[in-house]
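Source file: my_file_33.cif (mmCIF, C-alpha atoms)
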data_query
loop_
_atom_site.label_atom_id
_atom_site.label_comp_id
_atom_site.auth_asym_id
_atom_site.auth_seq_id
_atom_site.Cartn_x
_atom_site.Cartn_y
_atom_site.Cartn_z
CA MET H 145 145.87 166.93 131.24
CA THR H 146 143.39 164.86 129.25
CA ASP H 147 141.15 162.18 130.66
CA THR H 148 142.04 158.60 129.78
CA PRO H 149 139.32 157.19 127.48
CA VAL H 150 137.22 154.56 129.18
CA ARG H 151 137.47 150.92 128.08
CA PRO H 152 135.43 147.83 128.96
CA SER H 153 137.02 145.74 131.68
CA GLU H 154 138.12 142.18 130.98
CA GLY H 155 135.25 139.79 131.64
CA SER H 156 132.58 142.50 131.46
CA GLN H 157 129.55 142.02 129.25
CA ILE H 158 129.66 143.67 125.83
CA THR H 159 127.45 143.74 122.76
CA VAL H 160 129.18 143.62 119.37
CA LEU H 161 127.33 144.89 116.31
CA VAL H 162 128.69 143.69 112.95
CA SER H 163 127.46 143.26 109.41
CA VAL H 164 127.30 139.84 107.76
CA GLY H 165 126.42 139.81 104.09
CA GLY H 166 125.20 143.38 104.39
CA ARG H 167 122.82 142.52 107.24
CA PRO H 168 123.25 143.81 110.82
CA VAL H 169 123.77 141.13 113.47
CA THR H 170 124.64 141.18 117.17
CA HIS H 171 126.88 139.14 119.43
CA VAL H 172 126.59 139.35 123.24
CA ALA H 173 129.81 138.19 124.91
CA ARG H 174 132.33 138.78 127.67
CA ALA H 175 135.32 140.96 126.86
CA GLY H 176 138.62 139.14 126.60
CA ARG H 177 141.98 140.90 126.73
CA VAL H 178 141.60 144.68 126.47
CA THR H 179 144.28 147.24 125.52
CA PRO H 180 143.85 150.94 124.67
CA SER H 181 143.59 150.05 120.97
CA THR H 182 142.54 146.38 120.76
CA LEU H 183 139.94 143.97 122.09
CA ILE H 184 139.70 140.18 122.05
CA VAL H 185 136.14 138.82 121.82
CA PRO H 186 135.88 135.07 122.54
CA ARG H 187 133.97 132.95 120.03
CA LYS H 188 132.72 129.37 120.10
CA SER H 189 133.79 126.76 117.57
CA ASP H 190 130.29 126.54 116.07
CA GLU H 191 130.25 130.28 115.31
CA ARG H 192 132.29 129.79 112.13
CA ARG H 193 129.07 129.60 110.13
CA TRP H 194 128.26 133.21 111.01
CA GLY H 195 130.52 134.46 108.24
CA VAL H 196 132.13 137.39 110.06
CA GLU H 197 135.02 138.48 107.85
CA PRO H 198 138.24 140.41 108.57
CA GLN H 199 138.34 144.15 107.88
CA GLY H 200 134.64 144.60 108.59
CA GLU H 201 133.60 147.39 110.95
CA ALA H 202 132.17 146.60 114.38
CA ASP H 203 130.55 148.70 117.10
CA VAL H 204 131.19 147.52 120.65
CA LEU H 205 128.61 148.67 123.20
CA PHE H 206 129.29 148.49 126.93
CA SER H 207 128.11 150.07 130.17
CA GLN H 208 130.32 151.49 132.89
CA GLN H 209 129.20 153.27 136.06
CA GLY H 210 125.68 153.67 134.71
CA ARG H 211 126.81 155.19 131.39
CA LEU H 212 126.53 153.63 127.96
CA PHE H 213 129.58 153.72 125.66
CA ARG H 214 130.12 152.94 121.99
CA TRP H 215 133.55 151.89 120.70
CA PRO H 216 133.95 151.96 116.87
CA MET H 217 136.29 149.12 115.87
CA ARG H 218 137.40 146.92 112.96
CA VAL H 219 137.60 143.13 112.81
CA GLU H 220 141.34 142.73 112.24
CA GLU H 221 141.45 138.93 112.43
CA VAL H 222 139.01 136.05 112.86
CA LEU H 223 140.88 133.50 114.97
CA PRO H 224 139.81 129.92 115.81
CA THR H 225 138.65 130.89 119.30
CA SER H 226 138.22 134.66 119.15
CA TYR H 227 137.74 137.84 117.15
CA TYR H 228 140.62 140.31 117.26
CA LEU H 229 139.31 143.89 117.01
CA VAL H 230 141.30 147.11 116.61
CA SER H 231 140.10 150.57 117.54
CA LEU H 232 139.01 153.10 114.91
CA GLN H 233 138.12 155.80 117.46
CA ASP H 234 138.16 156.12 121.23
CA PRO H 235 134.97 154.98 122.96
CA ARG H 236 132.46 157.78 123.44
CA ASP H 237 129.25 158.29 125.31
CA GLY H 238 126.51 156.48 123.46
CA GLU H 239 123.60 158.71 122.58
CA ARG H 240 120.88 156.19 123.26
CA ARG H 241 118.66 157.56 120.53
CA GLU H 242 121.35 156.43 118.06
CA PHE H 243 120.59 152.83 118.85
CA VAL H 244 117.95 150.69 117.33
CA ARG H 245 114.34 150.43 118.32
CA ALA H 246 112.22 147.31 118.28
CA THR H 247 108.45 146.87 118.23
CA SER H 248 106.82 143.84 119.77
CA GLU H 249 103.91 142.56 121.85
CA LEU H 250 105.26 142.37 125.42
CA GLU H 251 103.87 141.73 128.87
CA VAL H 252 104.06 145.08 130.63
CA ARG H 253 102.99 146.40 134.01
CA MET H 254 102.77 150.19 134.39
CA THR H 255 101.80 151.72 137.70
CA PRO H 256 101.69 155.38 138.75
CA GLN H 257 104.41 155.92 141.34
CA ARG H 258 103.41 155.15 144.95
CA GLN H 259 100.17 153.44 143.96
CA PRO H 260 99.32 149.72 144.33
CA ARG H 261 100.83 147.73 141.51
CA GLY H 262 98.49 146.65 138.76
CA ALA H 263 98.45 143.50 136.65
CA PHE H 264 100.59 142.60 133.64
CA GLN H 265 98.99 143.22 130.26
CA VAL H 266 100.12 142.32 126.76
CA MET H 267 100.78 145.62 125.01
CA SER H 268 102.20 146.77 121.71
CA VAL H 269 105.52 148.39 122.64
CA GLU H 270 108.10 150.31 120.63
CA LEU H 271 111.18 149.88 122.78
CA SER H 272 114.60 151.51 122.85
CA ALA H 273 117.40 151.85 125.40
CA SER H 274 116.15 155.30 126.39
CA GLY H 275 112.40 154.75 126.64
CA MET H 276 109.31 153.27 125.08
CA ARG H 277 106.12 154.09 123.27
CA VAL H 278 103.21 151.95 124.38
CA ALA H 279 99.56 151.61 123.40
CA THR H 280 97.54 151.87 126.61
CA ASP H 281 94.42 153.42 128.14
CA LEU H 282 96.22 154.10 131.44
CA PRO H 283 95.29 157.63 132.62
CA ALA H 284 98.48 159.71 132.58
CA THR H 285 99.66 163.19 131.64
CA PRO H 286 103.10 164.54 130.65
CA GLY H 287 105.42 164.66 133.66
CA ASP H 288 103.79 161.76 135.49
CA LEU H 289 106.16 159.08 136.83
CA LEU H 290 105.33 155.44 136.20
CA GLU H 291 106.89 152.29 137.60
CA VAL H 292 107.40 149.99 134.60
CA MET H 293 108.13 146.27 134.53
CA LEU H 294 108.74 144.38 131.28
CA ARG H 295 108.69 140.59 131.18
CA THR H 296 111.57 139.51 128.96
CA GLY H 297 110.70 135.84 128.51
CA GLN H 298 114.17 134.84 129.79
CA GLN H 299 114.41 132.73 132.93
CA SER H 300 116.43 133.78 135.96
CA GLU H 301 116.74 131.51 139.00
CA GLY H 302 113.66 129.59 137.95
CA ARG H 303 111.49 132.68 137.56
CA ALA H 304 110.46 134.68 134.51
CA GLY H 305 112.98 137.46 133.91
CA ALA H 306 111.88 141.07 134.09
CA ILE H 307 113.29 144.56 133.59
CA THR H 308 112.19 147.29 135.98
CA ALA H 309 112.50 151.04 135.51
CA LEU H 310 111.07 154.36 136.58
CA ALA H 311 109.76 156.25 133.55
CA ARG H 312 108.46 159.75 132.93
CA VAL H 313 105.54 160.42 130.58
CA VAL H 314 106.91 162.67 127.84
CA ARG H 315 103.91 162.83 125.51
CA VAL H 316 100.37 161.51 125.23
CA LEU H 317 99.66 160.55 121.61
CA GLN H 318 96.38 159.93 119.84
CA PRO H 319 97.18 158.15 116.55
CA ASP H 320 94.47 156.51 114.46
CA SER H 321 95.24 153.15 116.08
CA GLY H 322 94.44 154.41 119.59
CA ARG H 323 95.94 156.19 122.61
CA GLU H 324 99.69 155.87 123.26
CA LEU H 325 102.16 157.08 125.86
CA ALA H 326 105.73 158.09 125.05
CA LEU H 327 107.92 157.33 128.09
CA GLU H 328 111.51 158.22 128.97
CA PHE H 329 113.43 156.03 131.41
CA VAL H 330 114.73 158.14 134.29
CA GLU H 331 115.91 155.38 136.67
CA LEU H 332 117.33 152.09 135.38
CA LYS H 333 119.83 149.81 137.11
CA SER H 334 122.95 149.02 135.09
CA ALA H 335 122.12 145.29 135.03
CA ASP H 336 118.64 146.07 133.71
CA GLU H 337 120.13 148.49 131.18
CA ASP H 338 122.29 145.67 129.81
CA ARG H 339 119.29 143.34 129.67
CA LEU H 340 117.22 146.04 127.98
CA LEU H 341 119.83 146.48 125.26
CA GLN H 342 119.93 142.73 124.74
CA LEU H 343 116.15 142.59 124.53
CA VAL H 344 116.00 145.40 121.95
CA PHE H 345 118.67 143.78 119.81
CA ARG H 346 117.08 140.34 120.15
CA LEU H 347 113.64 141.60 119.11
CA ARG H 348 115.09 143.59 116.23
CA GLU H 349 117.16 140.66 115.05
CA ALA H 350 114.24 138.21 115.32
CA ALA H 351 112.08 140.51 113.20
CA LEU H 352 114.84 140.87 110.62
CA PHE H 353 115.45 137.15 110.27
CA ALA H 354 111.73 136.40 110.24
CA ARG H 355 111.49 138.61 107.15
CA ILE H 356 114.42 137.02 105.35
CA GLY H 357 113.81 133.47 106.58
CA ARG H 358 117.16 132.99 108.28
CA ARG H 359 118.25 131.93 111.74
CA SER H 360 119.35 134.54 114.26
CA PHE H 361 123.07 135.30 114.67
CA ALA H 362 123.04 135.10 118.48
#
Will you turn the file into structure tokens for me?
Amino acid sequence: MTDTPVRPSEGSQITVLVSVGGRPVTHVARAGRVTPSTLIVPRKSDERRWGVEPQGEADVLFSQQGRLFRWPMRVEEVLPTSYYLVSLQDPRDGERREFVRATSELEVRMTPQRQPRGAFQVMSVELSASGMRVATDLPATPGDLLEVMLRTGQQSEGRAGAITALARVVRVLQPDSGRELALEFVELKSADEDRLLQLVFRLREAALFARIGRRSFA
């Protein structure tokens, strides 16, 4: 007996990666109708300018029970109010290192576990869904656990949004530019995981469009 491949549930948050004019773009949305081989992704009327064309490939990323999945699909039709996608392969566990990284100056607070929390500092961070590499003078050695909070710049209930995680120090690096820590996330709530993916994609996309002088897709 084989396990039934997992699918996103209707109404759940998904991230769709497509290519427009040879450039990667992202679309964060709520899943519409889902079948074993198709997916409806709602679109707004003003999204026509994005230029998503039928027959283009799309990767749909979604989280379920704390696991990240990737569903390879194809844009079968671009409808007035939605994109109609068909499956190319069953969804599979997403190896997080497959996904993009983004580098940016972010407000970060890193505190050794069970110690009083320190202050936020603006740090140069290379961020991915599985961890981060950050330039810091914080004393730490491989194996240490750090409580990490990233300010996202998005507002939630009138307060600045933040992503919290427990991270393990994997390596201490000494490049020419200064001391860096390579961290692996070991505890991350599913809601924060979704927000982290969005942040990575948003930073990556902003950097891309800054280089080519175009407006972001999202």
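With the shown file loaded, the PyMOL selection byres ((chain H and resi 280-287) around 10) picks out Met254, Thr255, Pro256, Gln265, Val266, Met267, Ser268, Val269, Arg277, Val278, Ala279, Asp288, Leu289, Leu290, Ala311, Arg312, Val313, Val314, Arg315, Val316, Gly322, Arg323, Glu324, Leu325, Ala326 and Leu327 of chain H.
Atom pair atom CA of H:Leu229 / atom CA of H:Lys333: separated by 28.6 Å.
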To one decimal place, how far is atom CA of H:Ala173 from atom CA of H:Gln157 in Å?
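We find that atom CA of H:Ala173 and atom CA of H:Gln157 lie 5.8 Å from each other.
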Taking the file as shown, what set of residues would the PyMOL selection byres ((chain H and resi 206-216) around 10) give back, as a PyMOL selection string?
chain H and resi 150-153+156-161+175+201-205+217-218+229-240+273+332-335+337-338+341
Hey, can you spit out that residue selection with C-alpha atoms as a PDB file, in the frame of the given file?
ATOM      1  CA  VAL H 150     137.220 154.560 129.180  1.00  0.00           C
ATOM      2  CA  ARG H 151     137.470 150.920 128.080  1.00  0.00           C
ATOM      3  CA  PRO H 152     135.430 147.830 128.960  1.00  0.00           C
ATOM      4  CA  SER H 153     137.020 145.740 131.680  1.00  0.00           C
ATOM      5  CA  SER H 156     132.580 142.500 131.460  1.00  0.00           C
ATOM      6  CA  GLN H 157     129.550 142.020 129.250  1.00  0.00           C
ATOM      7  CA  ILE H 158     129.660 143.670 125.830  1.00  0.00           C
ATOM      8  CA  THR H 159     127.450 143.740 122.760  1.00  0.00           C
ATOM      9  CA  VAL H 160     129.180 143.620 119.370  1.00  0.00           C
ATOM     10  CA  LEU H 161     127.330 144.890 116.310  1.00  0.00           C
ATOM     11  CA  ALA H 175     135.320 140.960 126.860  1.00  0.00           C
ATOM     12  CA  GLU H 201     133.600 147.390 110.950  1.00  0.00           C
ATOM     13  CA  ALA H 202     132.170 146.600 114.380  1.00  0.00           C
ATOM     14  CA  ASP H 203     130.550 148.700 117.100  1.00  0.00           C
ATOM     15  CA  VAL H 204     131.190 147.520 120.650  1.00  0.00           C
ATOM     16  CA  LEU H 205     128.610 148.670 123.200  1.00  0.00           C
ATOM     17  CA  MET H 217     136.290 149.120 115.870  1.00  0.00           C
ATOM     18  CA  ARG H 218     137.400 146.920 112.960  1.00  0.00           C
ATOM     19  CA  LEU H 229     139.310 143.890 117.010  1.00  0.00           C
ATOM     20  CA  VAL H 230     141.300 147.110 116.610  1.00  0.00           C
ATOM     21  CA  SER H 231     140.100 150.570 117.540  1.00  0.00           C
ATOM     22  CA  LEU H 232     139.010 153.100 114.910  1.00  0.00           C
ATOM     23  CA  GLN H 233     138.120 155.800 117.460  1.00  0.00           C
ATOM     24  CA  ASP H 234     138.160 156.120 121.230  1.00  0.00           C
ATOM     25  CA  PRO H 235     134.970 154.980 122.960  1.00  0.00           C
ATOM     26  CA  ARG H 236     132.460 157.780 123.440  1.00  0.00           C
ATOM     27  CA  ASP H 237     129.250 158.290 125.310  1.00  0.00           C
ATOM     28  CA  GLY H 238     126.510 156.480 123.460  1.00  0.00           C
ATOM     29  CA  GLU H 239     123.600 158.710 122.580  1.00  0.00           C
ATOM     30  CA  ARG H 240     120.880 156.190 123.260  1.00  0.00           C
ATOM     31  CA  ALA H 273     117.400 151.850 125.400  1.00  0.00           C
ATOM     32  CA  LEU H 332     117.330 152.090 135.380  1.00  0.00           C
ATOM     33  CA  LYS H 333     119.830 149.810 137.110  1.00  0.00           C
ATOM     34  CA  SER H 334     122.950 149.020 135.090  1.00  0.00           C
ATOM     35  CA  ALA H 335     122.120 145.290 135.030  1.00  0.00           C
ATOM     36  CA  GLU H 337     120.130 148.490 131.180  1.00  0.00           C
ATOM     37  CA  ASP H 338     122.290 145.670 129.810  1.00  0.00           C
ATOM     38  CA  LEU H 341     119.830 146.480 125.260  1.00  0.00           C
TER      39      LEU H 341
END
Pairwise distance for atom CA of H:Ser226 and atom CA of H:Gln199, rounded to one decimal in Å:
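These two atoms are separated by 14.7 Å.
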Using all atoms listed in the file: which of H:Ser274, H:Pro260, H:Val252, H:Pro224 has the shortest distance to H:Arg295:
H:Val252
Polymer residues at most 9 Å from H:Ala309, all atoms listed in the file, same-chain spacing of 4 or more positions, as a compact mmCIF listing (two decimals) with C-alpha atoms, in the frame of the given file:
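Result file is result.txt:
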# COMPACT_ATOMS: atom_id res chain seq x y z
CA LEU H 290 105.33 155.44 136.20
CA GLU H 291 106.89 152.29 137.60
CA VAL H 292 107.40 149.99 134.60
CA MET H 293 108.13 146.27 134.53
CA LEU H 294 108.74 144.38 131.28
CA PHE H 329 113.43 156.03 131.41
CA VAL H 330 114.73 158.14 134.29
CA GLU H 331 115.91 155.38 136.67
CA LEU H 332 117.33 152.09 135.38
CA LYS H 333 119.83 149.81 137.11
CA ASP H 336 118.64 146.07 133.71
